[in-house]
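**Student:** Sharing a structure below in structure tokens format, with a few things to ask.
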Amino acid sequence: MSGDDSGSKVLLMGKSESGKTSMRSIIFANYLARDTWRLGVTMDVEHSHVRFLGNLSLSLWDCGGQDRFMENYFRSQREHIFKNVQVLIYVFDIESKDKKKDMDYFTESLEALRVFSPKAKIFCLIHKMDVILTEEERNRVFEQRQNELKRICMHLDLQCFRTSIWDETLYKAWSSIVHALVPNKALIHKGLQSLCDLCDADEIVLFEKATFLVISHAHRKEHMDVHRFEKISNIIKQFKLSCENSRSQFSSMEAKNENFVSYLDAFTTTTYIMVISSNPNIQTAATVMNLKGAREHFEDLIK
Ligand code: GTP
Ligand code: MG
């Protein structure tokens, strides 16, 4: 599935200060949102290689967004930048003063992809949503921008997300992006659904170990909160990082109230698993046994 030997090529583009380096540092390098103001401007392209789920390797191209660099990407470096791309992530700064230029650069990127990587998946992040004060206005701005982008993309495979480094929306977007690259998705989901039945659980969620992005989930009961996965990713990742800061390792946790029990534990070598059950007769010890029995099967699937 990779475009070259170094893994799936993921281009991160958008104007300068739109937040590209901030988001990649939070998701893949354990940065805290409050520390991102320290990041300097990205000069030209910064390459990083991320191992994900053991065997999946992402080659992230964080393309500095200053005009002088953008001009080069579209001219002298065009083929070098745009060939063999699996995913383009285009970040739009909602505070941008020059929306027309942003749209022009995005259109140019699509043109280049059409020639050099016509199968690339395209994700647009409408970013810094936190600067808009009301939810109503955030929805309005997002819908409007999404419609404009879909018109430009026409028949291309485009997904839009509203994001901010200050809340869990970043996890939602990046889980979807990475999900697009995970092999064996259907088999992993099927296995998780069987495990959910076996554990008599309401829901089971599988997280990637280092990033805590959601890989897959299965459920037997509907839940009203559609944002619950990214909230858990965000909260547990923060907790795991604070454990590491105090020189201890996060291993597992159980949270309980009168309605449910949720059990989170390391699962395969590259994942964590969370089992949520509202059946008061299910003992955590039984869940632990079921997970132990399933571990090897999932280890093979995820490899
Ligand atoms: P170039 O490297 O020049 O292309 O910029 P960049 O896109 O990498 O921007 P960078 O990540 O360096 O972020 C620029 C500034 O935006 C930093 O001060 C971040 O703290 C801030 N920032 C990033 N994401 C958000 C966000 O979601 N909300 C707000 N309010 N600020 C953000
Ligand atoms: Mg940068």
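In the structure tokens, the first chain shown is A, the next is B, and so on; residue numbers restart at 1 for each chain, and ligands run from 1 in the order shown.
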Write as a PyMOL selection string the residues around ligand 1, taking 6 Å as the cut-off and counting only C-alpha atoms and all ligand atoms.
**Tutor:** chain A and resi 15-22+36-37+39-42+64-66+127-128+130-131+164-166
**Student:** List as a list in words the protein and nucleic acid residues near Lys150 (chain A), meaning an atom at most 9 Å away when only C-alpha atoms are counted, but skip any in the same chain fewer than 5 places from it.
**Tutor:**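 Within the cut-off, the hits are Arg145, His155, Leu156, Leu158, Gln159 and Cys160 of chain A.
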**Student:** One number please: CA of Asn84 (chain A) to CA of Met154 (chain A), in Å, one decimal.
**Tutor:**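 Going from CA of Asn84 (chain A) over to CA of Met154 (chain A) covers 21.4 Å.
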**Student:** Using only C-alpha atoms, determine which residues lie at most 8 Å from Ala266 (chain A), disregarding the query and same-chain residues fewer than 5 positions distant; provide the list as a list of chain:residue names.
**Tutor:**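 So, after excluding close chain neighbours, the residues are A:Lys209, A:Ser251, A:Ser252, A:Thr271, A:Tyr272, A:Ile273.
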**Student:** Any chance you can output those residues with C-alpha atoms as a CSV table (one decimal), in the first residue's frame?
**Tutor:**
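Okay, out31.csv is ready:
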```csv
chain,number,residue,atom,x,y,z
A,209,LYS,CA,-1.1,2.6,21.6
A,251,SER,CA,-1.2,0.3,32.3
A,252,SER,CA,-5.0,-0.2,32.8
A,271,THR,CA,-3.1,-1.3,20.8
A,272,TYR,CA,-5.2,-0.6,23.9
A,273,ILE,CA,-8.8,-1.8,24.3
```
**Student:** Pick the closest to Ile81 (chain A) from A:Leu53, A:Ser233, A:Ala112, A:Ser25: which is it, counting only C-alpha atoms?
**Tutor:**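 Of A:Leu53, A:Ser233, A:Ala112, A:Ser25, the one nearest Ile81 (chain A), counting only C-alpha atoms, is A:Ala112.
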**Student:** As number ranges by chain, please: all residues of region 92-230 of chain A that backbone DSSP puts in helix (DSSP H, G or I).
**Tutor:** A: 99-116, 129-131, 135-153, 169-179, 185-198, 228-230
**Student:** I'd like to know which of A:Leu88, A:Val115, A:Val214, A:Cys153 is closest to Lys185 (chain A), using only C-alpha atoms.
**Tutor:**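 Ranked by minimum distance to Lys185 (chain A), first place goes to A:Val214.
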**Student:** So how many Å separate CA of Leu60 (chain A) and CA of Phe142 (chain A), to one decimal?
**Tutor:** 25.8 Å
**Student:** Would you please work out which residue, of A:Val50, A:Met103, A:Val91, A:Ile27, is nearest to ligand 2 when using only C-alpha atoms and all ligand atoms?
**Tutor:**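 Looking at the shortest contact to ligand 2, the residue is A:Val91.
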**Student:** What does the distance from CA of Thr287 (chain A) to CA of Tyr263 (chain A) come to in Å, to one decimal?
**Tutor:**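 Here the two named atoms are 8.4 Å from each other.
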**Student:** Within 8 Å of Asn184 (chain A), counting only C-alpha atoms, which residues show up once you throw out same-chain ones fewer than 2 positions away? Write them as a JSON list (two decimals) with all heavy atoms, in the first residue's frame, please.
**Tutor:**
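Produced file part.json, reproduced below:
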```
[["chain", "number", "residue", "atom", "x", "y", "z"],
["A", 182, "VAL", "N", -5.33, 2.12, 7.34],
["A", 182, "VAL", "CA", -5.16, 0.85, 8.08],
["A", 182, "VAL", "C", -5.59, -0.33, 7.20],
["A", 182, "VAL", "O", -6.71, -0.34, 6.68],
["A", 182, "VAL", "CB", -6.01, 0.85, 9.38],
["A", 182, "VAL", "CG1", -6.00, -0.51, 10.05],
["A", 182, "VAL", "CG2", -5.50, 1.92, 10.34],
["A", 186, "ALA", "N", -11.78, -4.31, 7.76],
["A", 186, "ALA", "CA", -13.05, -5.05, 7.85],
["A", 186, "ALA", "C", -12.89, -6.24, 8.79],
["A", 186, "ALA", "O", -13.78, -6.53, 9.61],
["A", 186, "ALA", "CB", -13.48, -5.51, 6.46],
["A", 187, "LEU", "N", -11.74, -6.93, 8.69],
["A", 187, "LEU", "CA", -11.52, -8.11, 9.56],
["A", 187, "LEU", "C", -11.38, -7.70, 11.02],
["A", 187, "LEU", "O", -11.89, -8.39, 11.92],
["A", 187, "LEU", "CB", -10.26, -8.86, 9.11],
["A", 187, "LEU", "CG", -10.43, -9.70, 7.85],
["A", 187, "LEU", "CD1", -9.09, -10.30, 7.44],
["A", 187, "LEU", "CD2", -11.46, -10.81, 8.09],
["A", 188, "ILE", "N", -10.70, -6.61, 11.25],
["A", 188, "ILE", "CA", -10.53, -6.13, 12.64],
["A", 188, "ILE", "C", -11.90, -5.80, 13.22],
["A", 188, "ILE", "O", -12.23, -6.17, 14.34],
["A", 188, "ILE", "CB", -9.60, -4.89, 12.69],
["A", 188, "ILE", "CG1", -8.18, -5.29, 12.29],
["A", 188, "ILE", "CG2", -9.60, -4.27, 14.10],
["A", 188, "ILE", "CD1", -7.20, -4.13, 12.15],
["A", 301, "LEU", "N", -4.16, -10.34, 13.27],
["A", 301, "LEU", "CA", -4.96, -9.49, 12.38],
["A", 301, "LEU", "C", -4.30, -8.14, 12.15],
["A", 301, "LEU", "O", -4.27, -7.61, 11.04],
["A", 301, "LEU", "CB", -6.32, -9.21, 13.04],
["A", 301, "LEU", "CG", -7.48, -10.12, 12.74],
["A", 301, "LEU", "CD1", -8.74, -9.58, 13.38],
["A", 301, "LEU", "CD2", -7.68, -10.25, 11.24],
["A", 302, "ILE", "N", -3.80, -7.58, 13.24],
["A", 302, "ILE", "CA", -3.27, -6.21, 13.17],
["A", 302, "ILE", "C", -1.93, -6.17, 12.48],
["A", 302, "ILE", "O", -1.56, -5.21, 11.81],
["A", 302, "ILE", "CB", -3.26, -5.56, 14.58],
["A", 302, "ILE", "CG1", -4.71, -5.33, 15.01],
["A", 302, "ILE", "CG2", -2.50, -4.26, 14.60],
["A", 302, "ILE", "CD1", -4.92, -5.02, 16.46]]
```
**Student:** Can you check which residues of region 198-255 of chain A DSSP gives as strand (DSSP E or B) on the backbone and send them as a PyMOL selection string?
**Tutor:** chain A and resi 203-208+214-219+252-255
**Student:** For the residues in the current selection, export all heavy atoms as a short mmCIF file (atom, residue, chain, number, x, y, z; two decimals), in the first residue's frame.
**Tutor:**
```
data_model
loop_
_atom_site.label_atom_id
_atom_site.label_comp_id
_atom_site.auth_asym_id
_atom_site.auth_seq_id
_atom_site.Cartn_x
_atom_site.Cartn_y
_atom_site.Cartn_z
N GLU A 203 -20.21 -1.94 24.30
CA GLU A 203 -19.35 -1.36 23.27
C GLU A 203 -17.90 -1.74 23.54
O GLU A 203 -17.49 -1.88 24.70
CB GLU A 203 -19.50 0.15 23.33
CG GLU A 203 -18.81 0.90 22.23
CD GLU A 203 -19.49 2.23 21.95
OE1 GLU A 203 -19.50 3.10 22.82
OE2 GLU A 203 -20.02 2.38 20.84
N ILE A 204 -17.13 -1.90 22.44
CA ILE A 204 -15.68 -2.12 22.57
C ILE A 204 -14.96 -1.16 21.62
O ILE A 204 -15.38 -0.99 20.47
CB ILE A 204 -15.28 -3.57 22.23
CG1 ILE A 204 -15.88 -4.53 23.27
CG2 ILE A 204 -13.77 -3.72 22.19
CD1 ILE A 204 -15.28 -5.92 23.26
N VAL A 205 -13.91 -0.53 22.12
CA VAL A 205 -13.16 0.43 21.28
C VAL A 205 -11.69 0.03 21.29
O VAL A 205 -11.13 -0.29 22.35
CB VAL A 205 -13.30 1.87 21.84
CG1 VAL A 205 -12.80 2.87 20.81
CG2 VAL A 205 -14.71 2.18 22.26
N LEU A 206 -11.08 0.08 20.10
CA LEU A 206 -9.67 -0.27 19.96
C LEU A 206 -8.88 1.00 19.65
O LEU A 206 -9.22 1.73 18.71
CB LEU A 206 -9.53 -1.28 18.81
CG LEU A 206 -8.24 -2.05 18.67
CD1 LEU A 206 -8.02 -2.98 19.86
CD2 LEU A 206 -8.25 -2.86 17.38
N PHE A 207 -7.85 1.28 20.44
CA PHE A 207 -7.04 2.49 20.25
C PHE A 207 -5.62 2.11 19.86
O PHE A 207 -5.08 1.12 20.37
CB PHE A 207 -6.92 3.27 21.56
CG PHE A 207 -8.22 3.73 22.15
CD1 PHE A 207 -8.89 2.96 23.09
CD2 PHE A 207 -8.78 4.94 21.76
CE1 PHE A 207 -10.10 3.39 23.64
CE2 PHE A 207 -9.98 5.37 22.31
CZ PHE A 207 -10.65 4.60 23.25
N GLU A 208 -4.99 2.94 19.03
CA GLU A 208 -3.57 2.75 18.73
C GLU A 208 -2.79 3.17 19.97
O GLU A 208 -3.13 4.17 20.62
CB GLU A 208 -3.17 3.58 17.50
CG GLU A 208 -1.87 3.15 16.86
CD GLU A 208 -0.62 3.73 17.49
OE1 GLU A 208 -0.71 4.84 18.04
OE2 GLU A 208 0.42 3.08 17.43
N VAL A 214 -8.48 6.26 17.53
CA VAL A 214 -9.39 5.11 17.46
C VAL A 214 -9.15 4.34 16.15
O VAL A 214 -9.17 4.93 15.07
CB VAL A 214 -10.86 5.58 17.52
CG1 VAL A 214 -11.82 4.41 17.30
CG2 VAL A 214 -11.14 6.25 18.85
N ILE A 215 -8.91 3.04 16.28
CA ILE A 215 -8.69 2.20 15.10
C ILE A 215 -10.00 1.57 14.64
O ILE A 215 -10.30 1.47 13.46
CB ILE A 215 -7.72 1.03 15.44
CG1 ILE A 215 -6.40 1.58 15.95
CG2 ILE A 215 -7.50 0.11 14.26
CD1 ILE A 215 -5.75 2.50 14.99
N SER A 216 -10.79 1.11 15.61
CA SER A 216 -12.04 0.44 15.27
C SER A 216 -12.93 0.39 16.51
O SER A 216 -12.44 0.55 17.63
CB SER A 216 -11.71 -0.99 14.80
OG SER A 216 -12.87 -1.63 14.33
N HIS A 217 -14.22 0.20 16.28
CA HIS A 217 -15.12 0.01 17.44
C HIS A 217 -16.30 -0.84 17.02
O HIS A 217 -16.66 -0.92 15.85
CB HIS A 217 -15.60 1.35 18.00
CG HIS A 217 -16.30 2.21 17.02
ND1 HIS A 217 -17.65 2.16 16.82
CD2 HIS A 217 -15.83 3.13 16.16
CE1 HIS A 217 -17.98 3.03 15.88
NE2 HIS A 217 -16.89 3.62 15.45
N ALA A 218 -16.86 -1.52 18.04
CA ALA A 218 -18.04 -2.36 17.78
C ALA A 218 -19.02 -2.11 18.91
O ALA A 218 -18.62 -1.79 20.02
CB ALA A 218 -17.63 -3.83 17.78
N HIS A 219 -20.32 -2.21 18.62
CA HIS A 219 -21.27 -1.97 19.70
C HIS A 219 -22.48 -2.89 19.59
O HIS A 219 -22.79 -3.40 18.52
CB HIS A 219 -21.71 -0.50 19.74
CG HIS A 219 -22.53 -0.11 18.55
ND1 HIS A 219 -21.97 0.42 17.41
CD2 HIS A 219 -23.86 -0.16 18.34
CE1 HIS A 219 -22.91 0.66 16.55
NE2 HIS A 219 -24.09 0.31 17.06
N SER A 252 -3.55 0.07 33.09
CA SER A 252 -4.97 -0.18 32.82
C SER A 252 -5.80 0.64 33.80
O SER A 252 -5.28 1.16 34.78
CB SER A 252 -5.29 -1.66 32.99
OG SER A 252 -5.24 -2.01 34.35
N MET A 253 -7.10 0.76 33.52
CA MET A 253 -7.96 1.47 34.47
C MET A 253 -9.40 0.99 34.36
O MET A 253 -9.82 0.48 33.32
CB MET A 253 -7.88 2.99 34.27
CG MET A 253 -8.50 3.50 33.00
SD MET A 253 -8.17 5.27 32.81
CE MET A 253 -9.43 5.94 33.84
N GLU A 254 -10.10 1.14 35.47
CA GLU A 254 -11.51 0.77 35.48
C GLU A 254 -12.29 1.97 36.00
O GLU A 254 -11.90 2.57 37.00
CB GLU A 254 -11.70 -0.43 36.40
CG GLU A 254 -13.06 -1.04 36.31
CD GLU A 254 -13.19 -2.29 37.19
OE1 GLU A 254 -12.23 -3.05 37.31
OE2 GLU A 254 -14.26 -2.47 37.77
N ALA A 255 -13.37 2.34 35.31
CA ALA A 255 -14.23 3.42 35.80
C ALA A 255 -15.63 2.84 35.94
O ALA A 255 -16.08 2.05 35.09
CB ALA A 255 -14.24 4.58 34.81
#
```
**Student:** Please provide the set of residues having any atom within 12 Å of Lys231 (chain A), restricted to only C-alpha atoms, with same-chain residues fewer than 6 positions apart removed, written as a list in words.
**Tutor:**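 Result of the neighbour search: Trp166, Asp167, Glu168, Thr169, Leu170, Tyr171, Lys172, Ser175, Phe212, Leu213, Val214, Asp225, Lys237 and Gln238 of chain A.
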**Student:** Return the single residue from A:Met23, A:Leu110, A:Val10, A:Ile177 that is closest to ligand 2, with distances computed using only C-alpha atoms and all ligand atoms.
**Tutor:**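 Using only C-alpha atoms and all ligand atoms, ligand 2 sits closest to A:Met23.
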